[in-house]
Amino acid sequence: MALELRGITKQFPGVLANDDVNLSVAEGETVALLGENGAGKTTLMNILYGLYTPTSGEVLIDGAPLTLNSPGDAIAAGIGMVHQHFMLVPVFTVAENVILGDEPTKRIGWLDKRRARKTVTEISSRYKLQVDPDAVVEDLPVGVQQRVEIIKVLEREARYVVFDEPTSVLTPTEVEGFFRIVEGLKADGKGIIFISHKLGEALEIADRIVIMRRGKTVAEVRPEDVDETQLAELMVGRPVDLVVHREESNPGDVVLAVEGLTVLDDRLQRAVDDVSFTVRSGEIVGIAGVQGNGQTELVETLTGLRPSLGGTVMLGDADITTESPRAIHNRAIAHVPEDRQESGLILPFSVTENIILDSYHQEPISHGVRMDWDAARKRAERLVEEYDVRTPGIDVLVSTLSGGNQQKVIVAREFDRDVTLVIASQPTRGIDVGSIEYIHSRIVEERDQGAAVLIVSSELDEITALSDRILVMFEGRIAGEFDGSASTTEIGLAMLGSQSEEEAS
Amino acid sequence: MNDAPPPDGGWDDQGYPGWFQRVSGVGSSVGQAVLVPALAVLTALIIGAFIIAITDVDTLRIWGSDPGEAFGLTMSGIFDAYKALFVGSVGSPRAISETLYAATPLILAGLAVAVGFQAGLFNIGVNGQMLIGGMAGLWVGFTFSLPMIIHIPLVVIAAIVFGGMWAAIAGFLKARTGAHEVITTIMLNFIALYLIDYLLKSSWFQEPGRNDPISKPANPSAHFPTLGDYRLNIGFVIALGAVWFVWWLMYRSTIGFEFRAVGFNPSGAKYAGMNVAWIYVAVMAVSGALAGIGGANQILGLEPYRGISNFAGTVGFDAIALALLGRSHPVGVLIAGLLFGALRAGGREMQGAAGIPIDLVLVLQALIIVMIAAPELVRAIYRIKTPEEETGTTISTGWGG
Amino acid sequence: MTTATSTSDVPVRTRATPQERRATGVGIVLIVLGVFVFWAFGLGSEPGADATFNLSLPGATFENITWVVSARWLAFAVAVILAFLGGMILRRSNVRWTNLALAIGLILFALAFLTWAAGGKSFSLVGMLRSTVLLSVPVTLGAMTGLMCERVAVINIAIEGQLLTAAFVGTIVGSAWGIWAGLVGAMLTGALLGAVLAVLAIKFRIDQIIAGVVINIFALGLTSFLARRVLSEAPDLNSPGRFTAFKIPILGDIPVLGPMFFEHNLFVYATFILVIVLHFGLFYTRWGLRSRSVGEHPKAADTVGINVYRTRYRNVILGGFIAGFGGAFFTLAQVSRFEENLTAGIGFIGLAAMIFGRWMPLGVFGAGLVFGFALALQQKLGILGTPIPSEFLSMTPYIVTIIVVAGVVGRARPPAADGKPYIKD
């Protein structure tokens, strides 16, 4: 009784995403699929789910080959997928999302809402996935939204469930809850594939671990036989130093002082609620917390992109609470935004144009209204060299660069002046390990040169690796403060806040 | 955010722009930029011939009884029509002057739309801006009597200011309330139309003794000087100057850098410290200013130098086609403007000599745009290979707010 | 060092939220309007000038119902109410009532304006209300077309072109083969143009606004060309019949409401039915759920097996049928011949109505009535002979549209995937 992917190869124009991949899952077994970004895991799963067709190879259940031309075929074959970015319609209710595509109807297509509700409550109580069928999905916390995704999959009676990076949006407590759900599914005889780049979790929950690198399956191990460092090495292909080398910090004067800051989000709810903290020169303060607890709005306010409702932000002696983004930038504050493609870069512009994005209006890049493209190109050439940006030239459109190199362009741009404060939001999200190492070392370098650094990241490992001091944000408030050497468990507990509904599972 | 590894080897066709792109800012090679529009024009002419044929009501009646005769008549009808088109546009110095003369307002209006497009804004209100700018220029034209060398620049300045202001209303509404400029500019078109009618019947503007909406004539010192006894006038020179100015603005100035940044990614522009809201207003103002000059040209570059109802005609809508055809680049707009000017001049001859209503030109224009806006369509017809970067032209991102 | 959390007991004086700032603006606007009404309509009316509003049509079952009111005193009363509403909104605690107060204020302003304009004369109010409903029909139908398309995330700017071309085809086919054939022809034309838009936007992924503008230019050019080339040669192809109005028994006899809603032609009744059908369809049927999912989150719909492309094609073409129906209204009910640019921007006003009605059928119907009112006002005031020049009256619907779009848009949420082509890898 097994699901098998045999000899799967997938060729895209210019890219061989999957190269003769073999993977199998038995019913009642949990297999973890590990690999870096770009290793081919998501492509493989998309083939399994009928979103792509393989160039060669086949998918078999119990020895019989399947034709998977659409998600409908996969669902019919008993394969269910819980996506990393949830496939839920935000404005629909839980019940509407669960029945979408498989609606119970009366005559002429009239929706049977009562039956839909009943289905949801049945599955919810059977697998202990607490949800309210009439709640609107966009109002629900992320952990609950994930439960809705799982219920969707179970409603169609999946025998095999694929989870794509399921824990990237969960707090440590929610992760525990998630593991228990997985165990429940296993006990029910479901076969589970669990895609992740989180080595520790794979070791904890999987029966078997399969590692992919550059489109090939390079290893298959059992968790009891390996540790994290060995897994990392298998994933990347070379010995990896998981620890960031940094010396003790020597904090100086207070550079950034936030006092009683309150900020509304786009839905006019309090995203940041009466928050106060300081950052000193020569120290790295990390703000930990799962996305959606106000970190985004906090950073936007600090950088002048969002108005605050109350409170103050002081930079040294200056009150910058209501200053414009440009004015704040001119005060030697570097900002690495969390969404590099949307906010940090202009993709259809060249590398040069992106490098001068913050300085185009100043000498020497422009003289009054007139642009000096020679000066711009000189700067671009210098920075590309200095920050090791892998690009065939400075006139290439920045959209053709890989994520890591795009991020380096942003970092180069922001760090290329004397900086007193660095604000970096999710600085290494979605980029390759090599670039991660580079960017981390650059951030530490800035600190050592006397800058005050504020890092916001939902990757707890990144926070503990870099920070001299750690703050935890939960529901818009600072829920805990720790020294840089605190353990992950301690910090995870601080993320508890008032999570009464999560504890029910 | 899935991160595909960069393609192995061969960066060459992957967005590495050559000299043409760096100078012009266009995202494809010279060949590509010319081939598709040229084929589009050709296809449009073919379809146009078909339309001429099937709407020739008299000849249609003959098909039933004498197909041979009817076929001959149809063919000669098409031939006469297109011959007139050719002769009327480039067949003589006078024809060429007519082409350039017709191209002038089109180029100016096309530049107006193109500037908007580059910044991600749809300025459909060029018509209204031409009317308002033109009226302002007219007023300066008949109120003062100054040496021409002062009077004409004054007229142009008035047109720029008022055309720019009218357009800036839409820009301001977008900046402040998020109101989509497609709707607001179209509404402003209608409002401008009625406003002009009112003014033309009012004592400030109306020719004394007339009851219909027609204005006093502009003083001779404000008439745009013409070339010999052709209709071609200094407006064309101004248009050329505008082309150079827009090129300099968009690719050599900090302002143009901001316009283009906002057009490609307003969020990224905001993060870079640009004041996106005010940039919208500035873009519309520049756009309206260009349109305003076009409007002034329609009155002061043409007998009898008076304002009449809706003197801008359909130029505003043609301008959209021009901007698309020229890929929003000033040089492209210039070439497209000359092309459409040729169609106009030739179209008049076509109407006069061959009896084909000039609206056919509108149809031809629309067909050309459809094919320009859908390069895939042209490629599909002619089986041309696609360059990698063409995945569709996307400027809009919904209703804003 | 730091204070990690601070719970201050002293309430921090906060800056204004966007809601509060808007409320302040609205409050000031209301007060200014109140002053204006007092001065222009109150003091501006002759003492003793009474407006006589006819509330029934001649020949109706309940005849001769009139309402006589002093223009002056009504204006004064309205001015006071407006000032009160404005002042009320300026208090922060009443921010919630902003929209309601604004709506009431605008209605009262319109009433005061009408009363002033009708001072000393007799004016058929019921006739005006009836025109409101009649003239709202093309706007509402255009808005419904836009709604059908945008609910599956396709922006349709081409409504104007669809209406115009359908009107044109309607008149030709209607002249040749009768009004029902004309109606069918018009609807097919609208659907055809809808299909063109769908192909351009979905298959070729052209920017949807460009595609719409292009179709509009094409429609205007083609219909004008053909009107001159063909219709002027053959005028008998430009005189179709008309769908005449008929009264619904019993309901049509109710005073005021009867003639307003139940004494119309086929198009009006069909619009009522369409609004209801679409409302239930979108929110209570499987078709509606799937369509809306495609508009909000096409990837999610795709992953549960819904064919996003097919859904979009289908809905855009259905919308096209509605546009065709709307186009037929112009030449087969309203006027009975085609003229160049007959639709005069109604398609775009329809888009504004769609946004105003927040992409919901019932809301769109209400919005359509507002615009119908503006259009009716333009007509009737011309007859009344007010000191306002006719050109400014003609501007009314367009100014109203701008106000609506500027005042409402930022606060309304279109379907989430609106305007974005769906690329299935």
# chains A, B, ... in the order shown; residues from 1 in each chain; ligands from 1
>>> residues_around(residues="A:Arg159", least_positions_apart="6", cutoff="8 Å", atoms="only C-alpha atoms", output="PyMOL selection string")
chain A and resi 27+78-80+189-191
>>> interface_residues(of="chain A", to="chain C", cutoff="9 Å", atoms="only C-alpha atoms", output="PyMOL selection string")
chain A and resi 49-52+70-73+75+86-92+96-97+100-105+108-113+257+259-260+262+264+268+274-279+308-311+471+477-481
>>> write_last_selection(atoms="C-alpha atoms", output="short mmCIF file (atom, residue, chain, number, x, y, z; two decimals), in the first residue's frame")
data_model
loop_
_atom_site.label_atom_id
_atom_site.label_comp_id
_atom_site.auth_asym_id
_atom_site.auth_seq_id
_atom_site.Cartn_x
_atom_site.Cartn_y
_atom_site.Cartn_z
CA TYR A 49 -0.57 17.10 -7.45
CA GLY A 50 -1.22 17.29 -11.15
CA LEU A 51 -0.10 20.89 -11.63
CA TYR A 52 2.79 19.87 -13.87
CA SER A 70 -4.96 18.31 -13.01
CA PRO A 71 -5.43 18.64 -9.29
CA GLY A 72 -8.80 17.00 -9.82
CA ASP A 73 -7.07 13.79 -10.90
CA ILE A 75 -7.67 14.43 -5.54
CA PHE A 86 -2.61 28.61 1.84
CA MET A 87 -5.05 28.07 -0.95
CA LEU A 88 -7.89 29.65 0.94
CA VAL A 89 -10.15 32.40 -0.31
CA PRO A 90 -9.80 35.05 2.39
CA VAL A 91 -13.30 36.50 2.12
CA PHE A 92 -15.07 33.13 2.20
CA GLU A 96 -17.24 27.70 1.88
CA ASN A 97 -13.53 27.12 1.54
CA LEU A 100 -15.15 24.70 -2.85
CA GLY A 101 -14.92 22.38 -5.81
CA ASP A 102 -16.94 19.66 -4.15
CA GLU A 103 -20.07 21.48 -3.13
CA PRO A 104 -23.17 19.80 -1.73
CA THR A 105 -26.07 21.18 -3.70
CA ILE A 108 -30.32 23.99 -9.83
CA GLY A 109 -26.99 24.26 -8.09
CA TRP A 110 -28.36 25.84 -4.95
CA LEU A 111 -25.77 25.43 -2.19
CA ASP A 112 -26.70 23.24 0.72
CA LYS A 113 -25.06 25.32 3.41
CA ALA A 257 14.33 54.81 21.28
CA GLU A 259 8.24 54.81 23.33
CA GLY A 260 4.57 53.84 23.57
CA THR A 262 0.81 52.37 18.54
CA LEU A 264 -2.99 50.71 12.98
CA LEU A 268 -7.74 49.73 11.18
CA ASP A 274 1.98 50.50 22.99
CA VAL A 275 5.44 49.16 22.22
CA SER A 276 8.65 50.53 23.74
CA PHE A 277 12.27 49.44 23.34
CA THR A 278 15.73 50.79 22.58
CA VAL A 279 18.62 49.81 20.36
CA SER A 308 1.48 56.05 13.77
CA LEU A 309 -1.50 56.56 15.97
CA GLY A 310 0.42 57.45 19.11
CA GLY A 311 3.82 57.28 20.76
CA LEU A 471 12.56 40.79 21.91
CA ARG A 477 3.04 43.85 22.06
CA ILE A 478 6.47 42.97 23.34
CA ALA A 479 5.85 39.67 25.03
CA GLY A 480 9.33 38.90 26.27
CA GLU A 481 12.89 40.10 26.37
#
>>> select_by_dssp(residues="stretch 101-220 of chain B", states="alpha helix (DSSP H)", output="VMD selection string")
chain B and resid 101 to 118 126 to 143 148 to 177 181 to 200
>>> residues_around(residues="stretch 122-127 of chain A", least_positions_apart="3", cutoff="9 Å", atoms="only C-alpha atoms", output="ChimeraX atom specification")
/A:117-119,130-131,147-148,151,154-155,181,184-185
>>> residues_around(residues="A:Glu220", least_positions_apart="4", cutoff="8 Å", atoms="only C-alpha atoms", output="list in words")
Arg208, Ile209, Val210 and Ile211 of chain A
>>> closest_residue(among="B:Ile293, B:Ile368, B:Val276, B:Leu362", to="chain C", atoms="only C-alpha atoms")
B:Leu362
>>> atom_distance(atom1="atom CA of A:Val226", atom2="atom CA of A:Ala206")
12.3 Å
>>> residues_around(residues="C:Leu100", least_positions_apart="4", cutoff="12 Å", atoms="only C-alpha atoms", output="list of chain:residue names")
C:Ala23, C:Val26, C:Gly27, C:Leu85, C:Gly86, C:Met88, C:Ile89, C:Asn94, C:Val95, C:Arg96, C:Ile104, C:Gly105, C:Leu106, C:Ile107
>>> closest_atom_pairs(of="chain C", to="chain B", cutoff="7 Å", atoms="only C-alpha atoms", output="Markdown table")
| residue | atom | partner | partner_atom | distance |
| --- | --- | --- | --- | --- |
| C:Phe204 | CA | B:Glu376 | CA | 6.5 |
| C:Arg205 | CA | B:Gly392 | CA | 5.3 |
| C:Ile206 | CA | B:Gly392 | CA | 5.3 |
| C:Asp207 | CA | B:Thr394 | CA | 4.5 |
| C:Ile209 | CA | B:Ser396 | CA | 6.7 |
| C:Val214 | CA | B:Val370 | CA | 6.3 |
| C:Ile217 | CA | B:Ala366 | CA | 6.1 |
| C:Phe218 | CA | B:Ala366 | CA | 4.9 |
| C:Gly221 | CA | B:Leu362 | CA | 5.0 |
| C:Leu222 | CA | B:Val363 | CA | 5.6 |
| C:Ser224 | CA | B:Asp359 | CA | 6.6 |
| C:Phe225 | CA | B:Asp359 | CA | 4.7 |
| C:Arg229 | CA | B:Pro357 | CA | 6.6 |
| C:Phe348 | CA | B:Ile183 | CA | 6.5 |
| C:Glu391 | CA | B:Tyr194 | CA | 5.3 |
| C:Phe392 | CA | B:Tyr194 | CA | 6.9 |
| C:Met395 | CA | B:Ile191 | CA | 5.4 |
| C:Tyr398 | CA | B:Met187 | CA | 5.2 |
| C:Ile402 | CA | B:Thr184 | CA | 5.8 |
| C:Val405 | CA | B:Ala179 | CA | 5.6 |
| C:Ala406 | CA | B:Ala179 | CA | 4.9 |
| C:Gly407 | CA | B:Thr177 | CA | 6.9 |
| C:Val409 | CA | B:Gly401 | CA | 6.0 |
| C:Gly410 | CA | B:Gly401 | CA | 3.9 |
| C:Asp418 | CA | B:Gly398 | CA | 5.5 |
| C:Gly419 | CA | B:Gly398 | CA | 4.9 |
| C:Lys420 | CA | B:Thr397 | CA | 6.8 |
>>> interface_residues(of="chain A", to="chain B", cutoff="6 Å", atoms="only C-alpha atoms", output="VMD selection string")
chain A and resid 14 to 15 37 to 38 325 to 326 342 to 346 358 369 to 371 396 to 397
>>> atom_distance(atom1="atom CA of A:Arg429", atom2="atom CA of A:Leu33")
19.2 Å
>>> atom_distance(atom1="atom CA of C:Gly182", atom2="atom CA of C:Ile276")
25.2 Å
>>> select_by_dssp(residues="stretch 231-344 of chain C", states="strand (DSSP E or B)", output="ChimeraX atom specification")
/C:246-247,263-264,285
>>> write_last_selection(atoms="C-alpha atoms", output="compact mmCIF listing (two decimals), in the first residue's frame")
# COMPACT_ATOMS: atom_id res chain seq x y z
CA PHE C 246 -46.97 48.66 -20.20
CA LYS C 247 -48.46 48.81 -16.77
CA GLU C 263 -45.25 51.30 -15.63
CA HIS C 264 -42.29 50.65 -17.85
CA THR C 285 -25.39 28.79 -5.83
>>> closest_residue(among="B:Val315, B:Ala112, B:Val243, B:Met135", to="B:Ile335", atoms="only C-alpha atoms")
B:Val243
>>> residues_around(residues="stretch 235-237 of chain A", least_positions_apart="3", cutoff="8 Å", atoms="only C-alpha atoms", output="compact mmCIF listing (two decimals) with N, CA and C atoms, in the first residue's frame")
# COMPACT_ATOMS: atom_id res chain seq x y z
N LEU A 34 13.74 16.93 2.32
CA LEU A 34 14.53 18.11 2.65
C LEU A 34 15.30 18.61 1.44
N GLY A 35 15.54 19.89 1.43
CA GLY A 35 16.37 20.45 0.36
C GLY A 35 16.35 21.96 0.44
N GLU A 36 17.34 22.56 -0.16
CA GLU A 36 17.38 24.02 -0.19
C GLU A 36 16.32 24.56 -1.12
N ILE A 211 16.70 13.49 0.95
CA ILE A 211 17.31 14.80 0.71
C ILE A 211 17.51 15.03 -0.78
N MET A 212 17.06 16.19 -1.24
CA MET A 212 17.22 16.54 -2.65
C MET A 212 18.21 17.68 -2.79
N ARG A 213 18.98 17.62 -3.85
CA ARG A 213 19.88 18.72 -4.15
C ARG A 213 19.95 18.87 -5.65
N LEU A 231 22.87 16.58 8.13
CA LEU A 231 21.79 16.86 7.17
C LEU A 231 22.10 18.10 6.35
N ALA A 232 22.58 19.14 7.05
CA ALA A 232 22.89 20.38 6.33
C ALA A 232 23.93 20.13 5.26
N VAL A 240 28.98 22.76 6.17
CA VAL A 240 28.34 24.06 6.41
C VAL A 240 28.52 24.44 7.86
N VAL A 433 21.94 29.20 0.82
CA VAL A 433 22.76 29.20 2.03
C VAL A 433 24.01 30.06 1.88
>>> closest_residue(among="B:Leu39, B:Ile107, B:Leu146, B:Leu73", to="B:Gly341", atoms="only C-alpha atoms")
B:Ile107
>>> residues_around(residues="B:Ala218", least_positions_apart="2", cutoff="10 Å", atoms="only C-alpha atoms", output="list in words")
Gly137, Leu138, Trp139, Val140, Gly141, Phe142, Thr143, Phe144, Ser145, Ser215, Lys216, Pro220, Ser221, Ala222, His223, Ile299, Leu300, Pro304, Tyr305, Arg306 and Gly307 of chain B
>>> write_last_selection(atoms="N, CA and C atoms", output="tab-separated table (two decimals), in the first residue's frame")
chain	number	residue	atom	x	y	z
B	137	GLY	N	-5.15	79.17	-24.61
B	137	GLY	CA	-4.30	79.76	-25.62
B	137	GLY	C	-5.08	80.73	-26.50
B	138	LEU	N	-6.30	80.36	-26.84
B	138	LEU	CA	-7.13	81.23	-27.67
B	138	LEU	C	-7.40	82.56	-26.99
B	139	TRP	N	-7.71	82.46	-25.72
B	139	TRP	CA	-8.01	83.68	-24.98
B	139	TRP	C	-6.83	84.63	-25.01
B	140	VAL	N	-5.66	84.08	-24.74
B	140	VAL	CA	-4.45	84.92	-24.84
B	140	VAL	C	-4.31	85.45	-26.26
B	141	GLY	N	-4.73	84.61	-27.20
B	141	GLY	CA	-4.62	84.99	-28.60
B	141	GLY	C	-5.45	86.19	-28.99
B	142	PHE	N	-6.68	86.28	-28.49
B	142	PHE	CA	-7.47	87.42	-28.93
B	142	PHE	C	-7.53	88.56	-27.93
B	143	THR	N	-6.98	88.33	-26.73
B	143	THR	CA	-7.04	89.41	-25.74
B	143	THR	C	-5.88	90.39	-25.90
B	144	PHE	N	-4.72	89.85	-26.27
B	144	PHE	CA	-3.57	90.74	-26.37
B	144	PHE	C	-3.17	90.92	-27.80
B	145	SER	N	-2.38	91.97	-28.01
B	145	SER	CA	-1.79	92.16	-29.32
B	145	SER	C	-0.34	92.53	-29.11
B	215	SER	N	-16.02	81.33	-31.57
B	215	SER	CA	-15.36	82.39	-30.80
B	215	SER	C	-14.88	83.51	-31.71
B	216	LYS	N	-14.40	84.55	-31.03
B	216	LYS	CA	-13.74	85.62	-31.76
B	216	LYS	C	-12.45	85.05	-32.35
B	220	PRO	N	-3.81	88.38	-35.32
B	220	PRO	CA	-2.81	87.84	-36.26
B	220	PRO	C	-1.45	87.57	-35.62
B	221	SER	N	-1.12	88.33	-34.60
B	221	SER	CA	0.21	88.09	-34.01
B	221	SER	C	0.27	86.75	-33.28
B	222	ALA	N	-0.87	86.14	-33.09
B	222	ALA	CA	-0.86	84.85	-32.41
B	222	ALA	C	-0.99	83.69	-33.39
B	223	HIS	N	-1.23	83.99	-34.63
B	223	HIS	CA	-1.35	82.90	-35.59
B	223	HIS	C	0.00	82.21	-35.74
B	299	ILE	N	-6.26	75.39	-32.77
B	299	ILE	CA	-6.94	76.66	-33.05
B	299	ILE	C	-6.01	77.62	-33.76
B	300	LEU	N	-4.80	77.75	-33.22
B	300	LEU	CA	-3.92	78.79	-33.72
B	300	LEU	C	-3.05	78.33	-34.88
B	304	PRO	N	-10.07	79.13	-39.30
B	304	PRO	CA	-10.03	80.59	-39.23
B	304	PRO	C	-9.55	81.14	-37.89
B	305	TYR	N	-8.75	80.34	-37.18
B	305	TYR	CA	-8.18	80.79	-35.92
B	305	TYR	C	-9.26	81.11	-34.89
B	306	ARG	N	-10.32	80.31	-34.94
B	306	ARG	CA	-11.38	80.49	-33.96
B	306	ARG	C	-11.61	79.18	-33.24
B	307	GLY	N	-12.20	79.28	-32.06
B	307	GLY	CA	-12.59	78.07	-31.36
B	307	GLY	C	-14.00	77.68	-31.75
>>> closest_residue(among="A:Glu58, A:Glu29, A:Asp416, A:Asp132", to="A:Ile8", atoms="only C-alpha atoms")
A:Glu58
>>> closest_residue(among="C:Thr140, C:Thr165, C:Asn216, C:Gln208", to="C:Ala352", atoms="only C-alpha atoms")
C:Thr140
